[in-house]
>>> print(open('my_file-v1.txt').read())   # compact mmCIF, C-alpha atoms
# COMPACT_ATOMS: atom_id res chain seq x y z
CA MET A 1 59.00 14.51 88.76
CA ASN A 2 62.40 13.63 87.33
CA ARG A 3 62.10 16.66 85.02
CA LEU A 4 61.61 19.01 88.00
CA ILE A 5 64.61 17.54 89.81
CA CYS A 6 66.72 18.02 86.69
CA LEU A 7 65.67 21.68 86.30
CA LYS A 8 66.47 22.38 89.95
CA SER A 9 69.92 20.85 89.59
CA CYS A 10 70.63 22.92 86.48
CA TYR A 11 69.55 26.14 88.26
CA ILE A 12 71.85 25.47 91.23
CA ASN A 13 74.79 24.75 88.93
CA THR A 14 74.18 28.02 87.03
CA ILE A 15 74.23 30.07 90.26
CA LYS A 16 77.46 28.39 91.40
CA SER A 17 79.09 29.10 88.06
CA SER A 18 78.14 32.81 88.20
CA TYR A 19 79.39 33.10 91.80
CA ASN A 20 82.76 31.56 90.89
CA LYS A 21 83.23 34.01 87.98
CA SER A 22 82.39 37.02 90.21
CA SER A 23 84.83 35.84 92.86
CA GLN A 24 87.55 35.58 90.25
CA LEU A 25 86.90 39.17 89.14
CA LEU A 26 87.26 40.42 92.71
CA LEU A 27 90.62 38.75 93.23
CA CYS A 28 93.73 40.81 92.60
CA PRO A 29 95.37 39.96 89.32
CA LYS A 30 98.38 37.73 89.63
CA SER A 31 100.30 40.08 87.34
CA VAL A 32 100.78 42.72 90.15
CA THR A 33 104.38 42.36 91.27
CA PRO A 34 106.16 43.83 94.35
CA GLU A 35 108.18 46.08 92.02
CA LEU A 36 104.99 47.61 90.64
CA LEU A 37 103.69 48.25 94.16
CA ILE A 38 106.97 50.04 95.06
CA VAL A 39 106.70 52.26 91.96
CA ARG A 40 103.14 53.21 92.90
CA LYS A 41 104.22 54.06 96.45
CA VAL A 42 107.06 56.30 95.22
CA HIS A 43 104.67 58.06 92.84
CA GLU A 44 102.20 58.72 95.66
CA GLN A 45 105.01 60.13 97.86
CA LYS A 46 106.03 62.52 95.06
CA LYS A 47 102.44 63.73 94.72
CA ILE A 48 102.22 64.39 98.48
CA ARG A 49 105.56 66.24 98.45
CA SER A 50 104.46 68.38 95.49
CA THR A 51 101.18 69.30 97.21
CA LEU A 52 103.05 70.23 100.37
CA ASN A 53 105.37 72.52 98.40
CA TYR A 54 102.38 74.28 96.84
CA VAL A 55 100.82 74.84 100.27
CA ILE A 56 104.07 76.29 101.67
CA ALA A 57 104.48 78.60 98.66
CA LEU A 58 100.89 79.80 99.03
CA GLY A 59 101.47 80.56 102.73
CA VAL A 60 104.63 82.56 101.98
CA MET A 61 102.84 84.52 99.26
CA THR A 62 99.91 85.30 101.58
CA VAL A 63 102.24 86.65 104.29
CA GLY A 64 104.08 88.77 101.74
CA LEU A 65 100.87 90.25 100.37
CA SER A 66 99.64 91.10 103.86
CA TYR A 67 102.76 93.19 104.51
CA ALA A 68 102.49 94.83 101.09
CA ALA A 69 98.76 95.59 101.32
CA VAL A 70 99.09 99.07 102.85
CA PRO A 71 101.73 100.55 100.51
CA LEU A 72 100.16 98.95 97.44
CA TYR A 73 96.70 100.26 98.34
CA ARG A 74 98.17 103.71 99.04
CA ILE A 75 99.98 103.83 95.67
CA PHE A 76 96.90 102.56 93.83
CA CYS A 77 94.55 105.07 95.42
CA GLN A 78 96.90 108.00 94.93
CA ALA A 79 97.41 107.10 91.29
CA TYR A 80 93.77 106.51 90.37
CA SER A 81 91.76 108.17 93.16
CA TYR A 82 89.90 104.85 93.37
CA GLY A 83 86.86 104.62 95.59
CA GLY A 84 86.97 108.28 96.53
CA SER A 85 90.56 108.33 97.75
CA LEU A 86 92.44 111.56 97.23
CA GLY A 87 95.09 112.19 94.63
CA GLN A 88 98.64 113.10 95.62
CA ALA A 89 100.01 116.45 94.48
CA ASP A 90 103.44 118.07 94.65
CA ALA A 91 103.96 121.71 95.56
CA THR A 92 105.32 122.53 92.09
CA ASP A 93 104.90 125.39 89.64
CA GLU A 94 101.75 123.69 88.37
CA VAL A 95 100.09 124.18 91.74
CA SER A 96 101.33 127.73 92.22
CA ASN A 97 100.20 128.74 88.72
CA MET A 98 96.68 127.37 89.00
CA LYS A 99 93.84 129.73 88.16
CA ALA A 100 91.03 129.83 90.68
CA VAL A 101 87.49 129.35 89.36
CA LYS A 102 85.82 132.00 91.51
CA ASP A 103 82.28 131.35 90.31
CA ARG A 104 82.30 127.69 91.44
CA PRO A 105 82.27 127.59 95.26
CA ILE A 106 82.37 124.16 96.91
CA LYS A 107 81.72 123.40 100.57
CA ILE A 108 84.19 120.92 102.07
CA ARG A 109 82.86 119.12 105.14
CA PHE A 110 85.21 117.31 107.52
CA ASN A 111 84.53 114.07 109.32
CA ALA A 112 86.57 112.09 111.88
CA ASP A 113 86.14 108.50 113.11
CA VAL A 114 88.11 106.02 115.19
CA ALA A 115 88.02 102.22 115.17
CA SER A 116 86.30 100.50 118.08
CA SER A 117 89.64 99.46 119.62
CA MET A 118 91.22 102.91 119.20
CA GLN A 119 91.28 104.96 122.43
CA TRP A 120 92.16 108.33 120.95
CA ASN A 121 89.91 111.36 120.82
CA PHE A 122 89.92 112.49 117.20
CA ARG A 123 87.99 115.35 115.63
CA PRO A 124 88.23 118.08 112.94
CA GLN A 125 88.93 121.61 114.20
CA GLN A 126 86.48 123.03 111.65
CA THR A 127 83.14 121.64 110.56
CA ASP A 128 83.44 122.90 107.00
CA ILE A 129 85.11 125.47 104.79
CA THR A 130 84.22 126.86 101.37
CA VAL A 131 86.80 126.72 98.59
CA VAL A 132 86.90 127.16 94.82
CA PRO A 133 88.69 124.94 92.27
CA GLY A 134 92.28 125.98 91.70
CA GLU A 135 92.68 127.46 95.19
CA THR A 136 94.71 125.82 97.98
CA ALA A 137 93.20 125.41 101.44
CA LEU A 138 94.43 124.37 104.87
CA ALA A 139 92.43 122.46 107.47
CA PHE A 140 93.32 120.84 110.81
CA TYR A 141 92.37 117.76 112.78
CA THR A 142 93.08 117.24 116.48
CA ALA A 143 94.06 113.94 118.06
CA LYS A 144 94.47 113.30 121.79
CA ASN A 145 95.62 110.25 123.70
CA PRO A 146 93.63 110.29 126.97
CA THR A 147 95.22 107.07 128.28
CA ASP A 148 98.23 106.52 130.56
CA LYS A 149 100.23 104.67 127.92
CA GLN A 150 101.75 105.37 124.52
CA VAL A 151 99.41 104.67 121.62
CA VAL A 152 100.42 104.47 117.96
CA GLY A 153 97.74 105.22 115.38
CA ILE A 154 97.45 105.10 111.61
CA SER A 155 94.69 106.56 109.48
CA THR A 156 92.92 106.05 106.17
CA TYR A 157 90.79 108.57 104.30
CA ASN A 158 88.27 108.92 101.51
CA VAL A 159 86.09 111.44 99.73
CA VAL A 160 82.34 111.44 99.21
CA PRO A 161 80.98 111.52 96.57
CA PHE A 162 83.50 109.02 95.22
CA GLU A 163 83.54 110.59 91.75
CA ALA A 164 85.01 113.80 93.17
CA GLY A 165 88.06 111.99 94.56
CA GLN A 166 89.99 112.37 91.31
CA TYR A 167 89.84 116.17 91.65
CA PHE A 168 90.58 116.33 95.39
CA ASN A 169 94.37 116.62 95.67
CA LYS A 170 96.33 116.78 98.91
CA ILE A 171 99.71 118.47 99.20
CA GLN A 172 100.28 117.56 102.84
CA CYS A 173 98.48 114.93 104.89
CA PHE A 174 98.93 112.66 107.91
CA CYS A 175 97.32 109.55 106.40
CA PHE A 176 99.01 106.14 106.14
CA GLU A 177 101.81 107.28 108.45
CA GLU A 178 102.12 106.00 112.01
CA GLN A 179 101.49 108.68 114.63
CA MET A 180 102.68 108.02 118.18
CA LEU A 181 101.12 109.95 121.04
CA ASN A 182 102.45 109.84 124.58
CA PRO A 183 100.08 109.62 127.56
CA ARG A 184 97.72 112.64 127.64
CA GLU A 185 99.42 114.15 124.56
CA MET A 186 97.43 116.18 122.02
CA VAL A 187 98.53 117.16 118.51
CA ASN A 188 97.16 119.18 115.60
CA MET A 189 97.35 117.48 112.22
CA PRO A 190 97.23 119.64 109.06
CA VAL A 191 95.65 118.81 105.73
CA PHE A 192 96.83 121.02 102.86
CA PHE A 193 94.77 120.44 99.71
CA TYR A 194 93.10 121.89 96.63
CA ILE A 195 90.37 121.06 94.14
CA ASP A 196 91.66 120.65 90.59
CA PRO A 197 90.36 123.42 88.28
CA GLU A 198 89.16 120.71 85.86
CA PHE A 199 86.46 119.93 88.41
CA SER A 200 84.42 122.83 87.05
CA GLU A 201 84.69 121.51 83.48
CA ASP A 202 83.45 117.99 84.20
CA PRO A 203 79.72 117.59 83.39
CA LYS A 204 79.45 114.86 86.04
CA MET A 205 80.41 117.39 88.73
CA GLU A 206 77.81 119.96 87.66
CA TYR A 207 75.44 119.32 90.57
CA ILE A 208 78.08 118.56 93.21
CA ASP A 209 78.39 121.53 95.54
CA GLU A 210 79.51 119.69 98.68
CA ILE A 211 82.34 117.22 99.33
CA VAL A 212 83.01 115.27 102.52
CA LEU A 213 86.59 114.49 103.54
CA SER A 214 86.66 111.69 106.09
CA TYR A 215 89.54 110.23 108.14
CA THR A 216 89.48 107.10 110.31
CA PHE A 217 92.20 106.26 112.86
CA PHE A 218 93.14 102.72 113.85
CA GLU A 219 95.52 101.55 116.56
CA ALA A 220 98.70 100.26 114.92
CA LYS A 221 99.69 97.11 116.79
CA GLU A 222 102.18 94.42 115.82
CA GLY A 223 100.75 92.34 113.00
CA PHE A 224 98.01 94.90 112.32
CA GLN A 225 96.72 95.05 108.73
CA LEU A 226 95.14 98.29 107.62
CA PRO A 227 91.60 97.52 106.44
CA VAL A 228 91.06 97.74 102.69
CA PRO A 229 87.64 98.83 101.60
CA SER A 230 85.54 96.20 99.90
CA TYR A 231 85.37 98.22 96.69
CA ALA A 232 89.17 97.97 96.38
CA LYS A 233 89.45 94.23 96.80
>>> encode(input="my_file-v1.txt", output="structure tokens")
Amino acid sequence: MNRLICLKSCYINTIKSSYNKSSQLLLCPKSVTPELLIVRKVHEQKKIRSTLNYVIALGVMTVGLSYAAVPLYRIFCQAYSYGGSLGQADATDEVSNMKAVKDRPIKIRFNADVASSMQWNFRPQQTDITVVPGETALAFYTAKNPTDKQVVGISTYNVVPFEAGQYFNKIQCFCFEEQMLNPREMVNMPVFFYIDPEFSEDPKMEYIDEIVLSYTFFEAKEGFQLPVPSYAK
């Protein structure tokens, strides 16, 4: 009996000893001074200030890129005919001295669309025309503002199939420029273009006999960002 009482007493003392050690581990070390706490607080404030500066810089950069999106996309597409966008050509001696490839006729089909919020009536004057590489051609689109208020529009364009975009060069076009129409006003918009003669020498273009030129008009409001196709992002 005395042996059982002794074992019980030893067990209780062991538990108390373990509890006291755990409690000591949970207590803050006495070595932490007020000066150390102040240093930690200053360090945390610097980290918060640095994070805030990064957030502000990111916001400024985002705003800047949104304003630059349209001209950058226009320059990129004109330089590389990316995603079926047309190339930009100058009316120079190179254009006037091109040799037409008469045995390679290509049908150019014209398409017109407007964004859901755009109230204009927009359509091509011709459904299609047939051209040959190395020969300039002129086509027209018609836009009408049927409303009782001024409406400013801006358009994008592309070429299908995309691979043909590098050979589709425009000399004059109304794309990426704001067009303001007064109430009930109607205008004709020209597209002066040509197919590069090298089109007929590219094996990838061998079975392409039809190209679609498509324009889409959007209403240009304050803060409006011209949509960039997903393939150019």
>>> residues_near_point(input="my_file-v1.txt", point="(102.0, 108.4, 108.4)", cutoff="12 Å", atoms="only C-alpha atoms", output="PyMOL selection string")
chain A and resi 70-71+74+152-157+172-180+189+217-218+220
>>> write_last_selection(input="my_file-v1.txt", atoms="C-alpha atoms", output="CSV table (one decimal), in the coordinates of the input")
chain,number,residue,atom,x,y,z
A,70,VAL,CA,99.1,99.1,102.8
A,71,PRO,CA,101.7,100.6,100.5
A,74,ARG,CA,98.2,103.7,99.0
A,152,VAL,CA,100.4,104.5,118.0
A,153,GLY,CA,97.7,105.2,115.4
A,154,ILE,CA,97.4,105.1,111.6
A,155,SER,CA,94.7,106.6,109.5
A,156,THR,CA,92.9,106.0,106.2
A,157,TYR,CA,90.8,108.6,104.3
A,172,GLN,CA,100.3,117.6,102.8
A,173,CYS,CA,98.5,114.9,104.9
A,174,PHE,CA,98.9,112.7,107.9
A,175,CYS,CA,97.3,109.6,106.4
A,176,PHE,CA,99.0,106.1,106.1
A,177,GLU,CA,101.8,107.3,108.4
A,178,GLU,CA,102.1,106.0,112.0
A,179,GLN,CA,101.5,108.7,114.6
A,180,MET,CA,102.7,108.0,118.2
A,189,MET,CA,97.4,117.5,112.2
A,217,PHE,CA,92.2,106.3,112.9
A,218,PHE,CA,93.1,102.7,113.8
A,220,ALA,CA,98.7,100.3,114.9
>>> residues_around(input="my_file-v1.txt", residues="A:Pro161", least_positions_apart="3", cutoff="8 Å", atoms="all atoms listed in the file", output="list in words")
Gly84, Ala164, Gly165, Ile211 and Val212 of chain A
>>> residues_around(input="my_file-v1.txt", residues="stretch 132-143 of chain A", least_positions_apart="3", cutoff="10 Å", atoms="all atoms listed in the file", output="ChimeraX atom specification")
/A:95-108,110-112,120-129,146,153,167-174,179,181,185-200,215,217
>>> atom_distance(input="my_file-v1.txt", atom1="atom CA of A:Val131", atom2="atom CA of A:Val160")
15.9 Å
>>> atom_distance(input="my_file-v1.txt", atom1="atom CA of A:Asp148", atom2="atom CA of A:Ser214")
27.6 Å
>>> closest_residue(input="my_file-v1.txt", among="A:Arg109, A:Glu163, A:Ser116, A:Val151", to="A:Tyr207", atoms="all atoms listed in the file")
A:Glu163
>>> residues_around(input="my_file-v1.txt", residues="A:Arg184", least_positions_apart="4", cutoff="9 Å", atoms="all atoms listed in the file", output="MDAnalysis selection string")
chainID A and resid 144:150
>>> write_last_selection(input="my_file-v1.txt", atoms="C-alpha atoms", output="mmCIF file, keeping the file's coordinate frame")
data_model
loop_
_atom_site.group_PDB
_atom_site.id
_atom_site.type_symbol
_atom_site.label_atom_id
_atom_site.label_comp_id
_atom_site.auth_asym_id
_atom_site.auth_seq_id
_atom_site.Cartn_x
_atom_site.Cartn_y
_atom_site.Cartn_z
ATOM 1 C CA LYS A 144 94.470 113.300 121.790
ATOM 2 C CA ASN A 145 95.620 110.250 123.700
ATOM 3 C CA PRO A 146 93.630 110.290 126.970
ATOM 4 C CA THR A 147 95.220 107.070 128.280
ATOM 5 C CA ASP A 148 98.230 106.520 130.560
ATOM 6 C CA LYS A 149 100.230 104.670 127.920
ATOM 7 C CA GLN A 150 101.750 105.370 124.520
#
